[in-house]
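work34.tsv (TSV, C-alpha atoms and all ligand atoms)
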```tsv
chain	number	residue	atom	x	y	z
L	24	MET	CA	111.82	106.92	116.85
L	25	LYS	CA	108.92	104.72	115.71
L	26	ARG	CA	108.53	101.11	116.93
L	27	ILE	CA	106.68	99.30	114.15
L	28	LEU	CA	105.02	95.87	114.12
L	29	VAL	CA	104.10	94.49	110.69
L	30	THR	CA	101.49	91.71	110.37
L	31	GLY	CA	101.46	89.44	107.29
L	32	ALA	CA	105.06	90.52	106.74
L	33	ALA	CA	106.14	87.43	104.77
L	34	GLY	CA	103.85	88.21	101.82
L	35	GLN	CA	104.35	90.08	98.55
L	36	VAL	CA	104.06	93.56	100.11
L	37	GLY	CA	105.73	92.85	103.46
L	38	SER	CA	108.82	91.33	101.83
L	39	GLU	CA	109.61	94.77	100.39
L	40	LEU	CA	107.91	97.09	102.88
L	41	VAL	CA	109.74	95.65	105.92
L	42	PRO	CA	113.24	96.28	104.49
L	43	ALA	CA	112.17	99.83	103.49
L	44	LEU	CA	110.79	100.50	106.99
L	45	ARG	CA	113.97	99.07	108.56
L	46	GLN	CA	116.14	101.28	106.39
L	47	ARG	CA	114.12	104.36	107.36
L	48	TYR	CA	113.45	103.76	111.07
L	49	GLY	CA	116.25	101.33	112.07
L	50	THR	CA	116.39	97.56	111.75
L	51	ASP	CA	115.74	96.86	115.42
L	52	ASN	CA	112.67	99.12	115.41
L	53	VAL	CA	110.68	97.02	112.93
L	54	LEU	CA	109.26	93.66	114.04
L	55	ALA	CA	108.11	91.47	111.14
L	56	THR	CA	105.35	89.00	112.06
L	57	ASP	CA	103.39	86.41	110.09
L	58	ILE	CA	101.46	83.19	110.62
L	59	ARG	CA	104.20	81.35	108.69
L	60	PRO	CA	107.98	81.50	109.00
L	61	ALA	CA	109.67	84.11	106.82
L	62	GLU	CA	112.57	83.32	104.55
L	63	GLY	CA	115.85	85.20	104.11
L	64	ALA	CA	116.41	88.83	104.99
L	65	LEU	CA	113.04	89.34	106.67
L	66	SER	CA	113.91	87.05	109.59
L	67	GLU	CA	117.71	87.00	109.30
L	68	ASP	CA	118.36	90.76	109.19
L	69	GLY	CA	115.97	91.89	111.92
L	70	PRO	CA	113.40	90.78	114.49
L	71	PHE	CA	110.75	88.27	113.38
L	72	LYS	CA	107.97	86.57	115.36
L	73	LEU	CA	105.17	84.14	114.48
L	74	VAL	CA	101.84	85.90	115.20
L	75	ASP	CA	98.36	84.91	114.02
L	76	CYS	CA	96.34	88.14	113.71
L	77	THR	CA	93.10	86.27	114.40
L	78	ASP	CA	94.47	85.61	117.93
L	79	ARG	CA	93.98	88.99	119.65
L	80	ASP	CA	95.88	88.01	122.81
L	81	ALA	CA	98.91	86.94	120.78
L	82	LEU	CA	98.85	90.17	118.79
L	83	ASP	CA	98.44	92.22	121.95
L	84	LEU	CA	101.38	90.45	123.60
L	85	ALA	CA	103.59	91.06	120.58
L	86	VAL	CA	102.69	94.76	120.52
L	87	VAL	CA	103.33	95.16	124.26
L	88	ASP	CA	106.59	93.13	124.24
L	89	PHE	CA	107.94	95.17	121.33
L	90	ALA	CA	106.60	98.46	122.75
L	91	SER	CA	105.10	99.21	119.33
L	92	ASP	CA	103.58	102.59	118.57
L	93	THR	CA	102.67	101.76	114.95
L	94	ILE	CA	101.17	98.69	113.26
L	95	TYR	CA	101.34	98.03	109.52
L	96	HIS	CA	98.51	95.50	109.15
L	97	LEU	CA	99.20	93.53	105.95
L	98	ALA	CA	97.82	90.08	106.86
L	99	ALA	CA	95.04	89.10	104.46
L	100	ILE	CA	93.62	86.46	102.14
L	101	LEU	CA	93.53	87.80	98.57
L	102	SER	CA	90.72	87.69	96.01
L	103	ALA	CA	91.03	84.36	94.17
L	104	VAL	CA	92.11	82.39	97.25
L	105	GLY	CA	89.31	84.12	99.18
L	106	GLU	CA	86.69	82.84	96.74
L	107	ALA	CA	87.93	79.28	97.39
L	108	ASP	CA	87.34	79.73	101.14
L	109	PRO	CA	85.17	82.81	101.75
L	110	LEU	CA	84.71	82.22	105.49
L	111	LYS	CA	88.46	82.01	106.01
L	112	ALA	CA	88.84	85.29	104.09
L	113	TYR	CA	86.17	86.82	106.32
L	114	ALA	CA	87.84	85.56	109.51
L	115	VAL	CA	91.35	86.69	108.59
L	116	ASN	CA	90.54	89.93	106.78
L	117	LEU	CA	87.84	91.28	109.08
L	118	GLY	CA	88.53	89.37	112.30
L	119	GLY	CA	92.25	90.13	112.01
L	120	LEU	CA	91.56	93.80	111.32
L	121	ALA	CA	89.11	94.12	114.23
L	122	ASN	CA	91.77	92.62	116.51
L	123	THR	CA	94.42	94.96	115.16
L	124	LEU	CA	92.22	98.02	115.69
L	125	GLU	CA	91.31	96.94	119.23
L	126	VAL	CA	94.96	96.39	120.13
L	127	ALA	CA	95.81	99.76	118.54
L	128	ARG	CA	93.07	101.47	120.57
L	129	THR	CA	94.12	99.95	123.88
L	130	ARG	CA	97.89	100.26	123.28
L	131	ASP	CA	97.79	103.69	121.61
L	132	CYS	CA	99.21	102.70	118.22
L	133	ALA	CA	98.80	104.28	114.79
L	134	VAL	CA	97.69	101.78	112.13
L	135	PHE	CA	98.30	101.45	108.38
L	136	ILE	CA	95.47	99.52	106.70
L	137	PRO	CA	95.74	98.63	103.02
L	138	SER	CA	92.57	98.48	100.99
L	139	SER	CA	92.34	97.54	97.32
L	140	ILE	CA	90.78	98.11	93.91
L	141	ALA	CA	88.76	95.07	95.03
L	142	ALA	CA	86.74	97.35	97.36
L	143	PHE	CA	84.79	98.40	94.24
L	144	GLY	CA	82.28	96.42	92.21
L	145	PRO	CA	80.43	96.28	88.91
L	146	SER	CA	78.19	99.26	89.74
L	147	THR	CA	81.19	101.53	90.48
L	148	PRO	CA	82.13	104.01	87.71
L	149	PRO	CA	85.20	102.18	86.29
L	150	ASP	CA	87.14	104.86	84.39
L	151	PRO	CA	87.98	106.91	86.29
L	152	THR	CA	86.84	105.56	89.64
L	153	PRO	CA	86.32	108.53	92.00
L	154	GLN	CA	87.71	108.63	95.55
L	155	ASP	CA	84.22	108.60	97.04
L	156	THR	CA	81.76	106.52	95.03
L	157	ILE	CA	79.52	103.43	94.94
L	158	GLN	CA	81.15	100.39	96.59
L	159	ARG	CA	79.21	97.15	96.09
L	160	PRO	CA	81.94	94.51	95.53
L	161	THR	CA	80.99	90.96	94.54
L	162	THR	CA	83.87	88.99	96.10
L	163	MET	CA	84.31	88.12	99.78
L	164	TYR	CA	87.73	89.77	99.59
L	165	GLY	CA	86.08	92.97	98.36
L	166	VAL	CA	83.37	92.79	101.00
L	167	THR	CA	86.05	92.58	103.71
L	168	LYS	CA	87.97	95.47	102.14
L	169	VAL	CA	84.97	97.84	102.13
L	170	ALA	CA	84.05	96.82	105.67
L	171	GLY	CA	87.70	97.30	106.65
L	172	GLU	CA	87.72	100.82	105.24
L	173	LEU	CA	84.61	101.63	107.28
L	174	LEU	CA	86.01	100.01	110.41
L	175	ALA	CA	89.22	102.02	110.08
L	176	ASP	CA	87.20	105.25	109.74
L	177	TYR	CA	85.06	104.22	112.72
L	178	TYR	CA	88.07	103.70	115.03
L	179	SER	CA	89.43	107.06	113.96
L	180	LEU	CA	86.15	108.94	114.52
L	181	ARG	CA	84.94	107.08	117.61
L	182	TYR	CA	88.22	106.54	119.48
L	183	GLY	CA	90.73	108.89	117.83
L	184	VAL	CA	92.97	106.04	116.65
L	185	ASP	CA	95.38	107.31	113.96
L	186	THR	CA	94.26	104.98	111.16
L	187	ARG	CA	95.47	105.62	107.61
L	188	GLY	CA	95.53	103.68	104.39
L	189	VAL	CA	95.57	103.47	100.63
L	190	ARG	CA	93.73	101.42	98.04
L	191	TYR	CA	96.55	99.55	96.30
L	192	PRO	CA	96.08	98.77	92.62
L	193	GLY	CA	97.31	95.33	91.45
L	194	LEU	CA	100.93	95.15	92.60
L	195	ILE	CA	103.87	93.91	90.51
L	196	SER	CA	107.14	92.81	92.07
L	197	TYR	CA	109.99	90.31	91.68
L	198	LEU	CA	111.08	89.59	95.27
L	199	ALA	CA	108.18	87.54	96.70
L	200	PRO	CA	105.44	85.80	94.71
L	201	PRO	CA	101.88	87.19	94.84
L	202	GLY	CA	99.49	85.57	97.29
L	203	GLY	CA	96.67	84.31	95.04
L	204	GLY	CA	94.93	87.32	93.56
L	205	THR	CA	93.31	88.23	90.26
L	206	THR	CA	96.15	90.55	89.22
L	207	ASP	CA	98.79	87.80	89.69
L	208	TYR	CA	99.03	87.32	85.91
L	209	ALA	CA	100.96	90.60	85.71
L	210	VAL	CA	103.73	89.07	87.88
L	211	GLU	CA	103.65	85.51	86.46
L	212	ILE	CA	104.04	86.84	82.91
L	213	PHE	CA	107.51	88.23	83.72
L	214	TYR	CA	108.77	84.94	85.22
L	215	GLU	CA	107.55	83.00	82.19
L	216	ALA	CA	108.89	85.59	79.73
L	217	VAL	CA	112.38	85.17	81.24
L	218	ARG	CA	112.19	81.38	81.69
L	219	GLU	CA	110.22	80.23	78.64
L	220	GLY	CA	109.64	83.20	76.35
L	221	ARG	CA	105.90	82.52	76.46
L	222	TYR	CA	102.96	82.84	78.86
L	223	THR	CA	99.38	81.56	79.01
L	224	CYS	CA	97.21	84.29	80.53
L	225	PHE	CA	94.08	83.61	82.60
L	226	LEU	CA	92.45	86.98	81.73
L	227	GLU	CA	91.08	88.16	78.37
L	228	PRO	CA	93.56	90.24	76.30
L	229	ASP	CA	91.60	93.51	76.66
L	230	THR	CA	90.93	93.41	80.43
L	231	GLN	CA	92.26	96.75	81.67
L	232	LEU	CA	93.13	97.11	85.36
L	233	ASP	CA	94.86	99.70	87.50
L	234	MET	CA	98.40	98.50	88.38
L	235	MET	CA	101.47	99.68	90.29
L	236	TYR	CA	105.13	98.68	90.69
L	237	MET	CA	106.05	97.69	94.25
L	238	PRO	CA	108.58	100.51	94.94
L	239	ASP	CA	105.78	103.05	94.41
L	240	ALA	CA	103.40	101.07	96.65
L	241	VAL	CA	106.01	100.85	99.41
L	242	ARG	CA	106.74	104.57	99.21
L	243	ALA	CA	103.02	105.42	99.30
L	244	SER	CA	102.58	103.26	102.41
L	245	ILE	CA	105.30	105.17	104.24
L	246	GLU	CA	104.35	108.63	102.94
L	247	VAL	CA	100.69	108.40	103.95
L	248	MET	CA	101.73	107.47	107.51
L	249	GLU	CA	104.15	110.42	107.63
L	250	ALA	CA	101.67	112.91	106.13
L	251	ASP	CA	100.76	116.03	108.08
L	252	PRO	CA	97.43	115.09	109.72
L	253	SER	CA	96.13	118.65	109.37
L	254	MET	CA	96.23	118.21	105.56
L	255	LEU	CA	94.15	115.01	105.54
L	256	LYS	CA	90.47	115.32	104.67
L	257	HIS	CA	90.32	111.57	104.15
L	258	ARG	CA	92.31	109.29	106.41
L	259	ASN	CA	91.78	105.84	104.98
L	260	ALA	CA	91.40	104.21	101.61
L	261	PHE	CA	93.10	106.82	99.44
L	262	ASN	CA	92.96	105.88	95.75
L	263	ILE	CA	96.55	105.77	94.44
L	264	ALA	CA	97.40	105.16	90.80
L	265	ALA	CA	100.44	104.80	88.57
L	266	MET	CA	99.55	102.98	85.33
L	267	GLN	CA	96.80	101.06	83.61
L	268	PHE	CA	97.28	98.20	81.15
L	269	THR	CA	95.69	95.11	79.65
L	270	PRO	CA	97.29	91.66	79.23
L	271	ASP	CA	97.73	92.50	75.55
L	272	SER	CA	99.43	95.88	76.11
L	273	LEU	CA	101.67	94.35	78.81
L	274	ALA	CA	102.69	91.57	76.42
L	275	GLN	CA	103.53	94.17	73.76
L	276	ALA	CA	105.68	96.11	76.25
L	277	ILE	CA	107.51	92.89	77.25
L	278	ARG	CA	108.02	91.97	73.58
L	279	ARG	CA	110.08	95.16	73.13
L	280	HIS	CA	112.63	93.59	75.54
L	281	VAL	CA	112.03	89.88	74.80
L	282	PRO	CA	111.69	89.63	71.01
L	283	GLY	CA	109.45	86.75	69.97
L	284	PHE	CA	107.65	86.58	73.34
L	285	ILE	CA	104.45	84.56	72.82
L	286	MET	CA	101.24	85.32	74.71
L	287	GLU	CA	98.42	82.77	74.72
L	288	TYR	CA	95.08	82.85	76.53
L	289	GLN	CA	93.21	80.27	78.57
L	290	VAL	CA	90.63	82.33	80.42
L	291	ASP	CA	89.64	81.46	83.99
L	292	PRO	CA	85.94	82.49	84.27
L	293	LEU	CA	86.16	83.22	88.01
L	294	ARG	CA	89.12	85.58	87.80
L	295	GLN	CA	87.80	87.13	84.57
L	296	ARG	CA	84.50	87.94	86.31
L	297	ILE	CA	86.37	89.42	89.28
L	298	ALA	CA	88.62	91.53	87.04
L	299	GLU	CA	85.64	92.86	85.07
L	300	SER	CA	84.07	94.07	88.33
L	301	TRP	CA	87.13	96.19	89.26
L	302	PRO	CA	88.17	99.73	88.20
L	303	ARG	CA	89.98	100.30	84.94
L	304	ARG	CA	91.55	103.49	86.31
L	305	LEU	CA	91.53	105.07	89.77
L	306	ASP	CA	91.22	108.83	90.24
L	307	ASP	CA	93.96	109.59	92.78
L	308	THR	CA	93.41	113.36	93.02
L	309	ALA	CA	92.69	113.24	96.77
L	310	ALA	CA	96.01	111.50	97.53
L	311	ARG	CA	97.88	113.96	95.30
L	312	GLU	CA	96.25	116.98	96.93
L	313	GLU	CA	96.19	115.86	100.56
L	314	TRP	CA	99.65	114.29	100.95
L	315	GLY	CA	101.52	114.89	97.71
L	316	TRP	CA	101.25	111.40	96.18
L	317	ALA	CA	103.03	110.99	92.83
L	318	PRO	CA	104.10	107.70	91.19
L	319	GLU	CA	107.59	107.21	89.76
L	320	TYR	CA	107.13	104.13	87.57
L	321	ASP	CA	105.09	103.97	84.35
L	322	LEU	CA	104.63	100.80	82.27
L	323	GLU	CA	107.91	101.18	80.34
L	324	ALA	CA	109.97	101.75	83.51
L	325	LEU	CA	108.24	98.85	85.27
L	326	VAL	CA	108.89	96.38	82.43
L	327	ALA	CA	112.56	97.36	82.08
L	328	ASP	CA	113.22	97.10	85.84
L	329	MET	CA	111.30	93.83	86.31
L	330	LEU	CA	113.20	92.13	83.47
L	331	VAL	CA	116.62	93.31	84.65
L	332	ASN	CA	115.96	92.06	88.18
L	333	LEU	CA	114.28	88.79	87.23
L	334	ARG	CA	117.08	87.89	84.81
L	335	LYS	CA	119.51	88.29	87.73
L	336	LYS	CA	117.25	86.35	90.12
L	337	LEU	CA	116.58	83.46	87.73
L	338	ALA	CA	120.12	83.18	86.32
L	339	PRO	CA	121.71	79.76	86.90
L	340	VAL	CA	124.06	79.76	89.92
L	341	GLY	CA	127.60	80.69	88.82
L	342	ASP	CA	126.51	82.99	85.96
D	1	LIG	P1	100.09	88.12	100.49
D	1	LIG	O1	99.04	87.10	100.31
D	1	LIG	O2	101.30	88.05	99.62
D	1	LIG	O3	100.59	88.16	101.99
D	1	LIG	C1	99.70	88.12	103.07
D	1	LIG	C2	100.41	87.53	104.24
D	1	LIG	O4	99.47	87.40	105.30
D	1	LIG	C3	100.99	86.12	103.98
D	1	LIG	O5	102.37	86.11	104.25
D	1	LIG	C4	100.22	85.23	104.93
D	1	LIG	O6	101.01	84.18	105.48
D	1	LIG	C5	99.80	86.22	106.01
D	1	LIG	N1	98.64	85.76	106.77
D	1	LIG	C6	97.56	85.07	106.34
D	1	LIG	N2	96.74	84.81	107.38
D	1	LIG	C7	97.33	85.34	108.49
D	1	LIG	C8	96.98	85.39	109.85
D	1	LIG	N3	95.86	84.82	110.30
D	1	LIG	N4	97.81	86.02	110.69
D	1	LIG	C9	98.95	86.60	110.26
D	1	LIG	N5	99.36	86.56	108.97
D	1	LIG	C10	98.54	85.94	108.09
D	1	LIG	O7	99.38	89.54	100.35
D	1	LIG	P2	100.07	90.93	99.97
D	1	LIG	O8	100.00	91.06	98.52
D	1	LIG	O9	101.36	91.06	100.66
D	1	LIG	O10	98.98	91.93	100.58
D	1	LIG	C11	99.23	92.75	101.71
D	1	LIG	C12	98.04	93.66	101.87
D	1	LIG	O11	97.90	94.46	100.69
D	1	LIG	C13	96.70	92.92	102.03
D	1	LIG	O12	95.87	93.62	102.89
D	1	LIG	C14	96.12	92.96	100.63
D	1	LIG	O13	94.71	92.87	100.64
D	1	LIG	C15	96.59	94.31	100.16
D	1	LIG	N6	96.62	94.44	98.71
D	1	LIG	C16	97.52	93.72	97.96
D	1	LIG	C17	97.51	93.87	96.58
D	1	LIG	C18	98.47	93.11	95.71
D	1	LIG	O14	98.36	93.21	94.46
D	1	LIG	N7	99.42	92.34	96.26
D	1	LIG	C19	96.61	94.75	95.97
D	1	LIG	C20	95.69	95.43	96.77
D	1	LIG	C21	95.73	95.28	98.14
D	2	LIG	N1	95.99	92.08	93.75
D	2	LIG	C1	94.84	91.84	94.58
D	2	LIG	C2	94.07	90.66	94.09
D	2	LIG	O1	94.12	90.42	92.92
D	2	LIG	C3	93.95	93.05	94.57
D	2	LIG	O2	93.73	93.44	95.86
D	2	LIG	O3	93.43	90.04	94.88
```

What do you get writing this file as structure tokens?
Ligand code: NAD
Ligand code: SER
Amino acid sequence: MKRILVTGAAGQVGSELVPALRQRYGTDNVLATDIRPAEGALSEDGPFKLVDCTDRDALDLAVVDFASDTIYHLAAILSAVGEADPLKAYAVNLGGLANTLEVARTRDCAVFIPSSIAAFGPSTPPDPTPQDTIQRPTTMYGVTKVAGELLADYYSLRYGVDTRGVRYPGLISYLAPPGGGTTDYAVEIFYEAVREGRYTCFLEPDTQLDMMYMPDAVRASIEVMEADPSMLKHRNAFNIAAMQFTPDSLAQAIRRHVPGFIMEYQVDPLRQRIAESWPRRLDDTAAREEWGWAPEYDLEALVADMLVNLRKKLAPVGD
């Protein structure tokens, strides 16, 4: 049975990945860690520990104490927050990853390392974006993601560490809020549609990005780690895709469930520039061929499920 340590577990991805890992491998076999305390099920239903991934000794101790054989390394500073403090993004995203890989090498752990659509830049072919292509991102977050992909490959080639990962598109979910990225509008819009029936979007109406519903992202993260290694030509940074939409087409899809929903625009130049530098559509052929990746949620299924769950979550107590 696997013994899994998850870093950055209290964030948008960890809040859903940890319960899925616990269901699959046993609650007591998955240690959630983060630099901040976790709320609810994450710390109440299973083991939780405060661990700063930039502190290699602390991470090492947690891995040894828990007898981990696998690390899901989620701790990161996302794109918009990273532009507000680029050196912090560098320290957490690259320093934290280097520590994780060193601990994995010395303690013989497999590692899951998420990359992002942000690992691409304005000179990348945007539609479709091939698996192997030009990567010259223009954000610090993107710089750390490309370097992280290379570092993960390096530890695999040089030391034989079992590193694997995917490039998540923008992720949409209702359990935990997003951590300060450029794709956050696609989560905020649902909260405001349910609460107010209107939303002011910080991206232009026709800005198309690659997006995914969290259940698909969680499943991909588990499936790539369980894939038969003999089938993998790539190991890290697999493009995975499920749907592509713009703020305008998302608003239209929401309007089919929330009649009269109003979408307004107040564009944030920083996040608009970042979004325009990212892929419009990822080519996920390699993931499909090498480990059988297939998404389950398209835009219609995502919108219906998000609204059902958010209406429950935001309903006044007693309803
Ligand atoms: P998030 O911001 O919601 O969560 C990140 C977590 O890391 C937070 O709980 C934060 O407290 C923690 N953290 C920050 N600094 C830390 C440190 N020094 N030590 C330990 N923990 C620390 O991010 P997320 O959306 O859950 O992202 C998880 C991973 O997925 C990241 O690598 C991110 O780059 C990647 N990703 C996310 C998306 C998305 O749309 N959410 C898209 C592409 C890639
Ligand atoms: N959703 C992330 C962001 O916007 C992409 O990695 O930063």

L:Asn332 surroundings by only C-alpha atoms, 12 Å radius, close-in-sequence under 3 positions cut, as a ChimeraX atom specification | /L:196-198,213-214,217,325-329,335-338

If you count only C-alpha atoms and all ligand atoms, the residue of L:Trp314, L:Tyr191, L:Tyr222, L:Tyr320 closest to ligand LIG 1 (chain D) turns out to be L:Tyr191

Please identify every polymer residue within 7 Å of ligand LIG 1 (chain D), using only C-alpha atoms and all ligand atoms, and present the set as a VMD selection string.
-> chain L and resid 30 to 37 57 to 59 74 to 77 97 to 101 115 119 137 to 140 190 to 195 200 to 204 206

Taking all atoms of ligand LIG 2 (chain D) that the file lists and extending 6 Å past them on each side, where is the centre of the axis-aligned box and how long are its edges? Answer in Å to one decimal, as JSON.
```
{"center_x": 94.7, "center_y": 91.7, "center_z": 94.4, "size_x": 14.6, "size_y": 15.4, "size_z": 14.9}
```

Atomic separation - atom CA of L:Val104 relative to atom CA of L:Gly165, Å = 12.2 Å

Using all atoms listed in the file, which residues sit within 9 Å of L:Tyr178 once same-chain residues fewer than 6 positions away are excluded, as a list of chain:residue names?
-> L:Leu124, L:Glu125, L:Arg128, L:Val184, L:Asp185, L:Thr186

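Taking atom CA of L:Ala274 and atom CA of L:Arg304 as endpoints, the distance between them is 19.1 Å.
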
By how many Å are atom CA of L:Pro149 and atom CA of L:Val169 apart?
->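 Distance between the two atoms: 16.4 Å.
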
Contacts of L:Glu106 at 9 Å (only C-alpha atoms; same-chain gap of 5+ positions) as a ChimeraX atom specification | /L:101,112,162-164,293

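With all atoms listed in the file as the atoms that count, the minimum distance from L:Val86 to the choices L:Thr269, L:Thr123, L:Thr230, L:Thr161 is reached by L:Thr123.
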
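All protein, DNA and RNA residues at most 10 Å from (84.3, 107.7, 91.6) are Phe143, Thr147, Pro148, Pro149, Asp150, Pro151, Thr152, Pro153, Gln154, Asp155, Thr156, Ile157, Gln158, Asn262, Pro302, Arg304, Leu305, Asp306 and Asp307 of chain L, using all atoms listed in the file.
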
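The shortest atom-to-atom distance to L:Glu219, with all atoms listed in the file taken into account, belongs to L:Met286 out of L:Met286, L:Ala264, L:Ala240, L:Ala170.
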
Name all residues at most 8 Å from L:Phe89 (count all atoms listed in the file; drop same-chain ones fewer than 4 positions away) and give them as a list in words.
->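 The neighbour list is Arg26, Leu28, Leu54 and Ala85 of chain L.
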
Please dump the current selection as a PDB file, in the frame of the given file; keep C-alpha atoms.
```pdb
ATOM      1  CA  ARG L  26     108.530 101.110 116.930  1.00  0.00           C
ATOM      2  CA  LEU L  28     105.020  95.870 114.120  1.00  0.00           C
ATOM      3  CA  LEU L  54     109.260  93.660 114.040  1.00  0.00           C
ATOM      4  CA  ALA L  85     103.590  91.060 120.580  1.00  0.00           C
TER       5      ALA L  85
END
```

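Selecting by distance to (105.1, 113.1, 103.3) with a limit of 12 Å and using all atoms listed in the file, one obtains Arg242, Ala243, Ser244, Ile245, Glu246, Val247, Met248, Glu249, Ala250, Asp251, Pro252, Met254, Leu255, Ala310, Arg311, Glu312, Glu313, Trp314, Gly315, Trp316 and Ala317 of chain L.
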
Best match for closeness to L:Thr308 among L:Ala61, L:Ile263, L:Ile136, L:Glu67, counting only C-alpha atoms =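 Selected residue with least distance to L:Thr308: L:Ile263.
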
Check the smallest atom-to-atom distance from each of L:Glu287, L:Asp229, L:Asp207, L:Asp88 to ligand LIG 2 (chain D) using all atoms listed in the file, then report the winner.
->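 Smallest distance to ligand LIG 2 (chain D) is found for L:Asp207.
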
Selection near L:Thr50, 12 Å with all atoms listed in the file, sequence-local residues under 2 positions removed, as a list in words = Met24, Lys25, Arg26, Ile27, Leu28, Val41, Pro42, Ala43, Leu44, Arg45, Gln46, Arg47, Tyr48, Asn52, Val53, Leu54, Ala55, Ala64, Leu65, Ser66, Glu67, Asp68, Gly69, Pro70 and Phe71 of chain L

Serialized selection, C-alpha atoms, as a CSV table (one decimal), in the frame of the given file:
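Written out: result_17.csv:
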```
chain,number,residue,atom,x,y,z
L,24,MET,CA,111.8,106.9,116.8
L,25,LYS,CA,108.9,104.7,115.7
L,26,ARG,CA,108.5,101.1,116.9
L,27,ILE,CA,106.7,99.3,114.2
L,28,LEU,CA,105.0,95.9,114.1
L,41,VAL,CA,109.7,95.6,105.9
L,42,PRO,CA,113.2,96.3,104.5
L,43,ALA,CA,112.2,99.8,103.5
L,44,LEU,CA,110.8,100.5,107.0
L,45,ARG,CA,114.0,99.1,108.6
L,46,GLN,CA,116.1,101.3,106.4
L,47,ARG,CA,114.1,104.4,107.4
L,48,TYR,CA,113.4,103.8,111.1
L,52,ASN,CA,112.7,99.1,115.4
L,53,VAL,CA,110.7,97.0,112.9
L,54,LEU,CA,109.3,93.7,114.0
L,55,ALA,CA,108.1,91.5,111.1
L,64,ALA,CA,116.4,88.8,105.0
L,65,LEU,CA,113.0,89.3,106.7
L,66,SER,CA,113.9,87.0,109.6
L,67,GLU,CA,117.7,87.0,109.3
L,68,ASP,CA,118.4,90.8,109.2
L,69,GLY,CA,116.0,91.9,111.9
L,70,PRO,CA,113.4,90.8,114.5
L,71,PHE,CA,110.8,88.3,113.4
```

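With distances restricted to only C-alpha atoms, L:Ile212 is the closest residue to L:Leu330 from L:Leu174, L:Ile285, L:Ala141, L:Ile212.
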